[in-house]
$ cat model22.tsv   # TSV, C-alpha atoms
chain	number	residue	atom	x	y	z
A	1	MET	CA	-58.45	-84.75	-22.35
A	2	ILE	CA	-56.11	-87.53	-23.50
A	3	PHE	CA	-52.44	-87.17	-24.39
A	4	ASP	CA	-50.63	-90.09	-26.01
A	5	VAL	CA	-46.89	-89.34	-25.89
A	6	LEU	CA	-44.50	-91.12	-28.27
A	7	THR	CA	-40.90	-91.17	-27.06
A	8	ILE	CA	-37.80	-93.36	-26.87
A	9	PHE	CA	-37.29	-92.18	-23.28
A	10	PRO	CA	-40.53	-92.95	-21.42
A	11	GLY	CA	-38.80	-92.56	-18.04
A	12	PHE	CA	-38.38	-88.87	-18.79
A	13	PHE	CA	-42.04	-88.34	-17.86
A	14	THR	CA	-42.08	-90.29	-14.59
A	15	SER	CA	-41.23	-87.46	-12.20
A	16	PRO	CA	-43.08	-84.53	-13.85
A	17	LEU	CA	-46.32	-86.51	-14.04
A	18	ALA	CA	-46.03	-87.61	-10.41
A	19	GLU	CA	-45.92	-84.10	-8.96
A	20	SER	CA	-48.10	-81.06	-8.36
A	21	LEU	CA	-51.17	-80.18	-10.44
A	22	LEU	CA	-50.54	-82.63	-13.25
A	23	LYS	CA	-50.58	-85.54	-10.80
A	24	LYS	CA	-53.76	-84.24	-9.18
A	25	ALA	CA	-55.42	-83.86	-12.56
A	26	ILE	CA	-54.45	-87.41	-13.51
A	27	ASP	CA	-55.73	-88.76	-10.18
A	28	LYS	CA	-59.04	-86.92	-10.63
A	29	GLY	CA	-59.42	-88.18	-14.19
A	30	LEU	CA	-59.31	-84.70	-15.71
A	31	ILE	CA	-56.48	-85.72	-18.02
A	32	GLN	CA	-55.14	-89.05	-19.19
A	33	ILE	CA	-51.50	-89.31	-20.23
A	34	ARG	CA	-50.30	-92.49	-21.89
A	35	VAL	CA	-46.57	-92.61	-22.52
A	36	LYS	CA	-45.66	-95.04	-25.29
A	37	ASN	CA	-42.16	-96.34	-25.92
A	38	LEU	CA	-41.39	-96.04	-29.63
A	39	ARG	CA	-39.02	-98.98	-29.38
A	40	ASP	CA	-42.07	-101.20	-28.87
A	41	TYR	CA	-43.10	-100.36	-32.44
A	42	ALA	CA	-39.74	-101.19	-34.02
A	43	LYS	CA	-39.79	-104.31	-36.16
A	44	ASP	CA	-36.18	-105.49	-35.95
A	45	LYS	CA	-34.74	-107.60	-33.15
A	46	HIS	CA	-32.63	-104.70	-31.83
A	47	ARG	CA	-35.67	-102.40	-31.57
A	48	MET	CA	-33.91	-99.69	-33.57
A	49	THR	CA	-35.65	-96.33	-33.85
A	50	ASP	CA	-32.90	-94.42	-35.67
A	51	ASP	CA	-30.43	-94.92	-38.52
A	52	TYR	CA	-27.79	-93.09	-40.56
A	53	PRO	CA	-29.06	-90.35	-42.91
A	54	TYR	CA	-29.13	-91.01	-46.64
A	55	GLY	CA	-26.71	-88.68	-48.36
A	56	GLY	CA	-24.33	-88.60	-45.42
A	57	GLY	CA	-23.95	-86.07	-42.66
A	58	ALA	CA	-23.55	-85.98	-38.90
A	59	GLY	CA	-25.93	-87.60	-36.46
A	60	MET	CA	-28.80	-90.03	-36.77
A	61	VAL	CA	-32.33	-89.75	-38.14
A	62	MET	CA	-35.40	-91.31	-36.53
A	63	LYS	CA	-36.87	-94.11	-38.64
A	64	PRO	CA	-40.36	-93.76	-40.11
A	65	GLU	CA	-41.79	-97.21	-39.32
A	66	PRO	CA	-42.02	-97.02	-35.48
A	67	ILE	CA	-43.46	-93.51	-35.38
A	68	ILE	CA	-45.98	-94.02	-38.17
A	69	SER	CA	-47.12	-97.35	-36.67
A	70	ALA	CA	-47.60	-95.77	-33.23
A	71	VAL	CA	-49.57	-92.80	-34.56
A	72	GLU	CA	-51.75	-95.03	-36.72
A	73	GLU	CA	-52.51	-97.24	-33.73
A	74	VAL	CA	-53.73	-94.25	-31.72
A	75	LYS	CA	-55.77	-92.88	-34.63
A	76	ALA	CA	-57.35	-96.27	-35.25
A	77	GLU	CA	-58.68	-96.06	-31.68
A	78	ASP	CA	-59.85	-92.46	-32.12
A	79	PRO	CA	-59.86	-90.98	-35.66
A	80	ASP	CA	-60.34	-87.47	-34.24
A	81	THR	CA	-56.94	-87.55	-32.54
A	82	LEU	CA	-54.69	-84.63	-33.50
A	83	SER	CA	-51.06	-85.59	-34.07
A	84	VAL	CA	-48.51	-82.97	-33.00
A	85	LEU	CA	-44.80	-82.97	-33.80
A	86	PHE	CA	-42.49	-80.71	-31.82
A	87	THR	CA	-39.92	-79.23	-34.17
A	88	PRO	CA	-38.00	-75.94	-34.62
A	89	GLN	CA	-39.70	-75.69	-38.01
A	90	GLY	CA	-43.17	-75.56	-36.47
A	91	LYS	CA	-45.42	-72.63	-35.68
A	92	ARG	CA	-44.51	-70.83	-32.45
A	93	PHE	CA	-46.56	-72.07	-29.49
A	94	ASP	CA	-48.16	-69.29	-27.47
A	95	GLN	CA	-51.15	-68.64	-25.22
A	96	GLN	CA	-53.45	-67.93	-28.13
A	97	MET	CA	-52.62	-71.27	-29.73
A	98	ALA	CA	-53.16	-73.05	-26.42
A	99	ARG	CA	-56.57	-71.40	-26.09
A	100	GLU	CA	-57.50	-72.34	-29.65
A	101	MET	CA	-56.61	-75.99	-29.10
A	102	ILE	CA	-58.56	-76.66	-25.90
A	103	GLY	CA	-61.57	-77.87	-27.86
A	104	GLN	CA	-59.52	-80.87	-29.02
A	105	LYS	CA	-60.04	-83.88	-26.75
A	106	HIS	CA	-57.26	-86.23	-27.86
A	107	PHE	CA	-53.66	-85.60	-28.89
A	108	VAL	CA	-50.79	-87.81	-29.91
A	109	LEU	CA	-47.51	-86.02	-29.23
A	110	ILE	CA	-44.42	-87.03	-31.20
A	111	CYS	CA	-41.12	-86.43	-29.41
A	112	GLY	CA	-38.29	-86.33	-31.92
A	113	ARG	CA	-34.59	-86.84	-31.19
A	114	TYR	CA	-31.18	-86.65	-32.85
A	115	GLU	CA	-31.08	-84.83	-36.21
A	116	GLY	CA	-34.82	-85.11	-36.71
A	117	LEU	CA	-37.37	-87.45	-38.27
A	118	ASP	CA	-37.52	-89.15	-41.63
A	119	GLU	CA	-39.51	-86.77	-43.84
A	120	ARG	CA	-42.08	-89.48	-44.55
A	121	VAL	CA	-43.33	-89.16	-40.98
A	122	HIS	CA	-44.28	-85.53	-41.68
A	123	LEU	CA	-46.00	-86.51	-44.91
A	124	ALA	CA	-47.90	-89.51	-43.55
A	125	VAL	CA	-49.14	-88.79	-40.04
A	126	VAL	CA	-48.33	-85.28	-38.73
A	127	ASP	CA	-51.27	-82.86	-38.42
A	128	ARG	CA	-49.54	-79.95	-36.68
A	129	GLU	CA	-45.91	-78.92	-36.25
A	130	ILE	CA	-45.20	-76.79	-33.18
A	131	SER	CA	-42.13	-75.04	-31.80
A	132	ILE	CA	-41.90	-73.75	-28.22
A	133	GLY	CA	-39.09	-71.32	-29.04
A	134	ASP	CA	-36.09	-70.44	-31.15
A	135	TYR	CA	-33.48	-72.52	-29.36
A	136	VAL	CA	-32.15	-76.06	-29.56
A	137	LEU	CA	-33.24	-78.85	-27.21
A	138	THR	CA	-32.09	-82.45	-27.08
A	139	GLY	CA	-35.56	-83.78	-27.85
A	140	GLY	CA	-39.30	-83.21	-27.92
A	141	GLU	CA	-39.99	-84.43	-24.39
A	142	ILE	CA	-39.71	-81.02	-22.72
A	143	PRO	CA	-41.91	-79.34	-25.37
A	144	ALA	CA	-44.47	-82.13	-24.86
A	145	LEU	CA	-44.61	-81.39	-21.13
A	146	VAL	CA	-44.94	-77.67	-21.84
A	147	PHE	CA	-47.81	-78.37	-24.23
A	148	ILE	CA	-49.61	-80.67	-21.79
A	149	ASP	CA	-49.27	-78.23	-18.90
A	150	ALA	CA	-50.40	-75.19	-20.91
A	151	LEU	CA	-53.53	-76.89	-22.25
A	152	SER	CA	-54.43	-78.64	-19.00
A	153	ARG	CA	-54.75	-75.31	-17.19
A	154	TYR	CA	-57.90	-74.62	-19.22
A	155	ILE	CA	-59.66	-77.80	-18.06
A	156	PRO	CA	-62.32	-76.99	-15.43
A	157	GLY	CA	-61.14	-78.22	-12.05
A	158	PHE	CA	-57.43	-78.29	-12.93
A	159	LEU	CA	-56.66	-75.09	-11.04
A	160	GLY	CA	-57.90	-74.38	-7.55
A	161	CYS	CA	-59.06	-70.95	-8.72
A	162	ALA	CA	-60.56	-70.80	-12.20
A	163	GLN	CA	-59.95	-67.04	-12.28
A	164	SER	CA	-56.21	-67.70	-12.32
A	165	VAL	CA	-56.37	-68.79	-15.97
A	166	GLU	CA	-57.75	-65.43	-17.07
A	167	GLU	CA	-55.32	-63.44	-14.91
A	168	ASP	CA	-52.15	-65.28	-15.96
A	169	SER	CA	-49.45	-63.59	-17.99
A	170	PHE	CA	-50.38	-63.47	-21.69
A	171	ALA	CA	-54.06	-64.27	-20.97
A	172	HIS	CA	-54.99	-60.82	-22.33
A	173	GLY	CA	-51.89	-60.32	-24.43
A	174	LEU	CA	-49.95	-58.56	-21.64
A	175	LEU	CA	-47.49	-59.55	-18.97
A	176	GLU	CA	-48.92	-59.98	-15.49
A	177	TYR	CA	-48.81	-57.17	-12.94
A	178	PRO	CA	-46.55	-57.44	-9.82
A	179	GLN	CA	-47.88	-59.66	-7.03
A	180	TYR	CA	-47.47	-59.20	-3.26
A	181	THR	CA	-48.38	-61.08	-0.09
A	182	ARG	CA	-47.65	-60.75	3.64
A	183	PRO	CA	-45.78	-59.21	5.37
A	184	PRO	CA	-46.72	-55.66	4.30
A	185	VAL	CA	-43.11	-54.53	4.81
A	186	PHE	CA	-40.03	-56.69	4.30
A	187	ARG	CA	-36.47	-55.31	4.55
A	188	GLU	CA	-37.83	-51.80	4.11
A	189	MET	CA	-39.66	-52.84	0.92
A	190	ALA	CA	-43.35	-51.99	1.34
A	191	VAL	CA	-46.39	-53.32	-0.48
A	192	PRO	CA	-47.97	-50.52	-2.58
A	193	GLU	CA	-50.58	-48.72	-0.51
A	194	VAL	CA	-53.28	-49.14	-3.14
A	195	LEU	CA	-53.24	-52.94	-2.63
A	196	LEU	CA	-53.97	-52.44	1.07
A	197	SER	CA	-56.73	-49.90	0.49
A	198	GLY	CA	-59.61	-52.29	-0.14
A	199	ASN	CA	-60.71	-50.07	-3.04
A	200	HIS	CA	-61.25	-52.63	-5.78
A	201	ALA	CA	-61.66	-50.08	-8.57
A	202	GLN	CA	-58.34	-48.45	-7.72
A	203	ILE	CA	-56.66	-51.86	-7.37
A	204	PHE	CA	-57.94	-52.93	-10.77
A	205	ARG	CA	-56.67	-49.69	-12.37
A	206	TRP	CA	-53.27	-50.03	-10.67
A	207	ARG	CA	-52.90	-53.64	-11.81
A	208	ARG	CA	-53.87	-52.79	-15.38
A	209	ARG	CA	-51.35	-49.97	-15.52
A	210	GLU	CA	-48.57	-52.05	-13.98
A	211	SER	CA	-49.31	-54.78	-16.48
A	212	LEU	CA	-49.02	-52.25	-19.29
A	213	ARG	CA	-45.85	-50.78	-17.77
A	214	ARG	CA	-44.18	-54.18	-17.41
A	215	THR	CA	-45.13	-55.19	-20.96
A	216	PHE	CA	-43.88	-51.86	-22.32
A	217	GLN	CA	-40.56	-52.27	-20.54
A	218	ARG	CA	-39.94	-55.98	-21.09
A	219	ARG	CA	-41.99	-57.22	-24.06
A	220	PRO	CA	-43.11	-54.21	-26.13
A	221	ASP	CA	-43.69	-56.54	-29.09
A	222	LEU	CA	-46.77	-57.88	-27.32
A	223	LEU	CA	-48.48	-54.50	-27.37
A	224	ASP	CA	-49.03	-54.72	-31.13
A	225	ARG	CA	-51.44	-57.64	-30.60
A	226	ALA	CA	-52.96	-56.69	-27.23
A	227	GLN	CA	-56.53	-55.42	-26.84
A	228	LEU	CA	-56.09	-51.86	-25.59
A	229	SER	CA	-58.60	-49.25	-24.46
A	230	ASP	CA	-58.26	-45.53	-25.06
A	231	GLU	CA	-57.13	-45.17	-21.45
A	232	ASP	CA	-54.48	-47.87	-22.00
A	233	ARG	CA	-53.15	-46.05	-25.06
A	234	GLY	CA	-53.03	-42.79	-23.16
A	235	PHE	CA	-51.02	-44.39	-20.38
A	236	LEU	CA	-48.62	-45.92	-22.89
A	237	ARG	CA	-48.08	-42.51	-24.46
A	238	GLU	CA	-47.16	-41.22	-20.98
A	239	LEU	CA	-44.63	-44.04	-20.60
A	240	GLN	CA	-43.15	-43.28	-24.02
A	241	THR	CA	-42.83	-39.60	-23.08
A	242	GLN	CA	-41.15	-40.50	-19.79
A	243	GLU	CA	-38.74	-42.82	-21.59
A	244	GLY	CA	-37.92	-40.11	-24.13
A	245	MET	CA	-37.22	-37.59	-21.37
A	246	ALA	CA	-35.02	-40.09	-19.52
A	247	GLY	CA	-33.12	-40.85	-22.71
A	248	GLY	CA	-32.68	-37.19	-23.54
$ encode --input "model22.tsv" --output "structure tokens"
Amino acid sequence: MIFDVLTIFPGFFTSPLAESLLKKAIDKGLIQIRVKNLRDYAKDKHRMTDDYPYGGGAGMVMKPEPIISAVEEVKAEDPDTLSVLFTPQGKRFDQQMAREMIGQKHFVLICGRYEGLDERVHLAVVDREISIGDYVLTGGEIPALVFIDALSRYIPGFLGCAQSVEEDSFAHGLLEYPQYTRPPVFREMAVPEVLLSGNHAQIFRWRRRESLRRTFQRRPDLLDRAQLSDEDRGFLRELQTQEGMAGG
């Protein structure tokens, strides 16, 4: 999988791409990340990538020429490249979207800055607009890293244990169950006995119920989209009853 990243701050990516699983994936050739400095595509002698907004207002707007030229260069090399702009106006990025996009082999990621991009960029070269959340960031670099990391986890060989992808939070629409490791008791806090029992059926049932409990308590909105069995729904009704009794 190839990621071409367009940014005016290429140094932003130096450390994240030189650490942990992303570095290993790059070294193994599982992913290729090419960070391109948008200033290299500016035509004027000062390599300007932003200018004052027409109509007045605070801040600066990113110019269309450098971004459009950079995207067109990538797409000339590979016409199947999907161009992604990270913007608060985009569709919310989630695990389902990440899963749906893993069939794409080449992305060009546009990292905006300042007050945004000239609208002609959207019209000319943007295929998808994506938001990673309802909050304000200084630029698209962090969303680009989030996007790269989330998709890369689906590439065979990226994770040491392929099962981890399917057991992660949100993989089945629920939050992940609590995790424990040694020692069995720490500061009088003991690991649940069921996890020490060796009974895999009971462990699976406990984990499923704890996942449901945690989602019910922390992100109940996810339950509307989760795939639930009759047993799951029965357990959720028990939790709702317990909550009602506690509230009463």
$ closest_residue --input "model22.tsv" --among "A:Gly59, A:Gly139, A:Pro10, A:Pro156" --to "A:Lys28" --atoms "all atoms listed in the file"
A:Pro156
$ closest_residue --input "model22.tsv" --among "A:Lys36, A:Arg213, A:Arg182, A:Arg99" --to "A:Gln240" --atoms "all atoms listed in the file"
A:Arg213
$ residues_near_point --input "model22.tsv" --point "(-48.5, -74.6, -36.7)" --cutoff "10 Å" --atoms "all atoms listed in the file" --output "list of chain:residue names"
A:Val84, A:Leu85, A:Phe86, A:Gln89, A:Gly90, A:Lys91, A:Arg92, A:Phe93, A:Met97, A:Asp127, A:Arg128, A:Glu129, A:Ile130, A:Ser131
$ residues_near_point --input "model22.tsv" --point "(-61.6, -79.8, -19.1)" --cutoff "8 Å" --atoms "all atoms listed in the file" --output "number ranges by chain"
A: 1, 30-31, 152, 154-158
$ residues_around --input "model22.tsv" --residues "A:Gly29" --least-positions-apart "4" --cutoff "10 Å" --atoms "all atoms listed in the file" --output "NGL selection string"
:A and (1-2 or 23-25)
$ residues_around --input "model22.tsv" --residues "A:Glu193" --least-positions-apart "2" --cutoff "12 Å" --atoms "only C-alpha atoms" --output "list in words"
Tyr180, Pro184, Val185, Met189, Ala190, Val191, Leu195, Leu196, Ser197, Gly198, Asn199, Gln202, Ile203 and Trp206 of chain A
$ residues_around --input "model22.tsv" --residues "A:Arg209" --least-positions-apart "2" --cutoff "10 Å" --atoms "all atoms listed in the file" --output "number ranges by chain"
A: 177, 203-207, 211-215, 231-232, 235-236
$ closest_residue --input "model22.tsv" --among "A:Glu141, A:Ala98, A:Ser69, A:Val125" --to "A:Gly11" --atoms "all atoms listed in the file"
A:Glu141
$ atom_distance --input "model22.tsv" --atom1 "atom CA of A:His122" --atom2 "atom CA of A:Lys75"
15.4 Å
$ closest_residue --input "model22.tsv" --among "A:Gly133, A:Pro192, A:Gly103, A:Gly173" --to "A:Asp80" --atoms "all atoms listed in the file"
A:Gly103
$ atom_distance --input "model22.tsv" --atom1 "atom CA of A:Val121" --atom2 "atom CA of A:Val61"
11.4 Å
$ atom_distance --input "model22.tsv" --atom1 "atom CA of A:Asp118" --atom2 "atom CA of A:Pro88"
15.0 Å
$ closest_residue --input "model22.tsv" --among "A:Arg208, A:Lys63, A:Arg39, A:His106" --to "A:Phe3" --atoms "all atoms listed in the file"
A:His106
$ closest_residue --input "model22.tsv" --among "A:Thr49, A:Ser20, A:Gln104, A:Thr138" --to "A:Thr87" --atoms "all atoms listed in the file"
A:Thr138
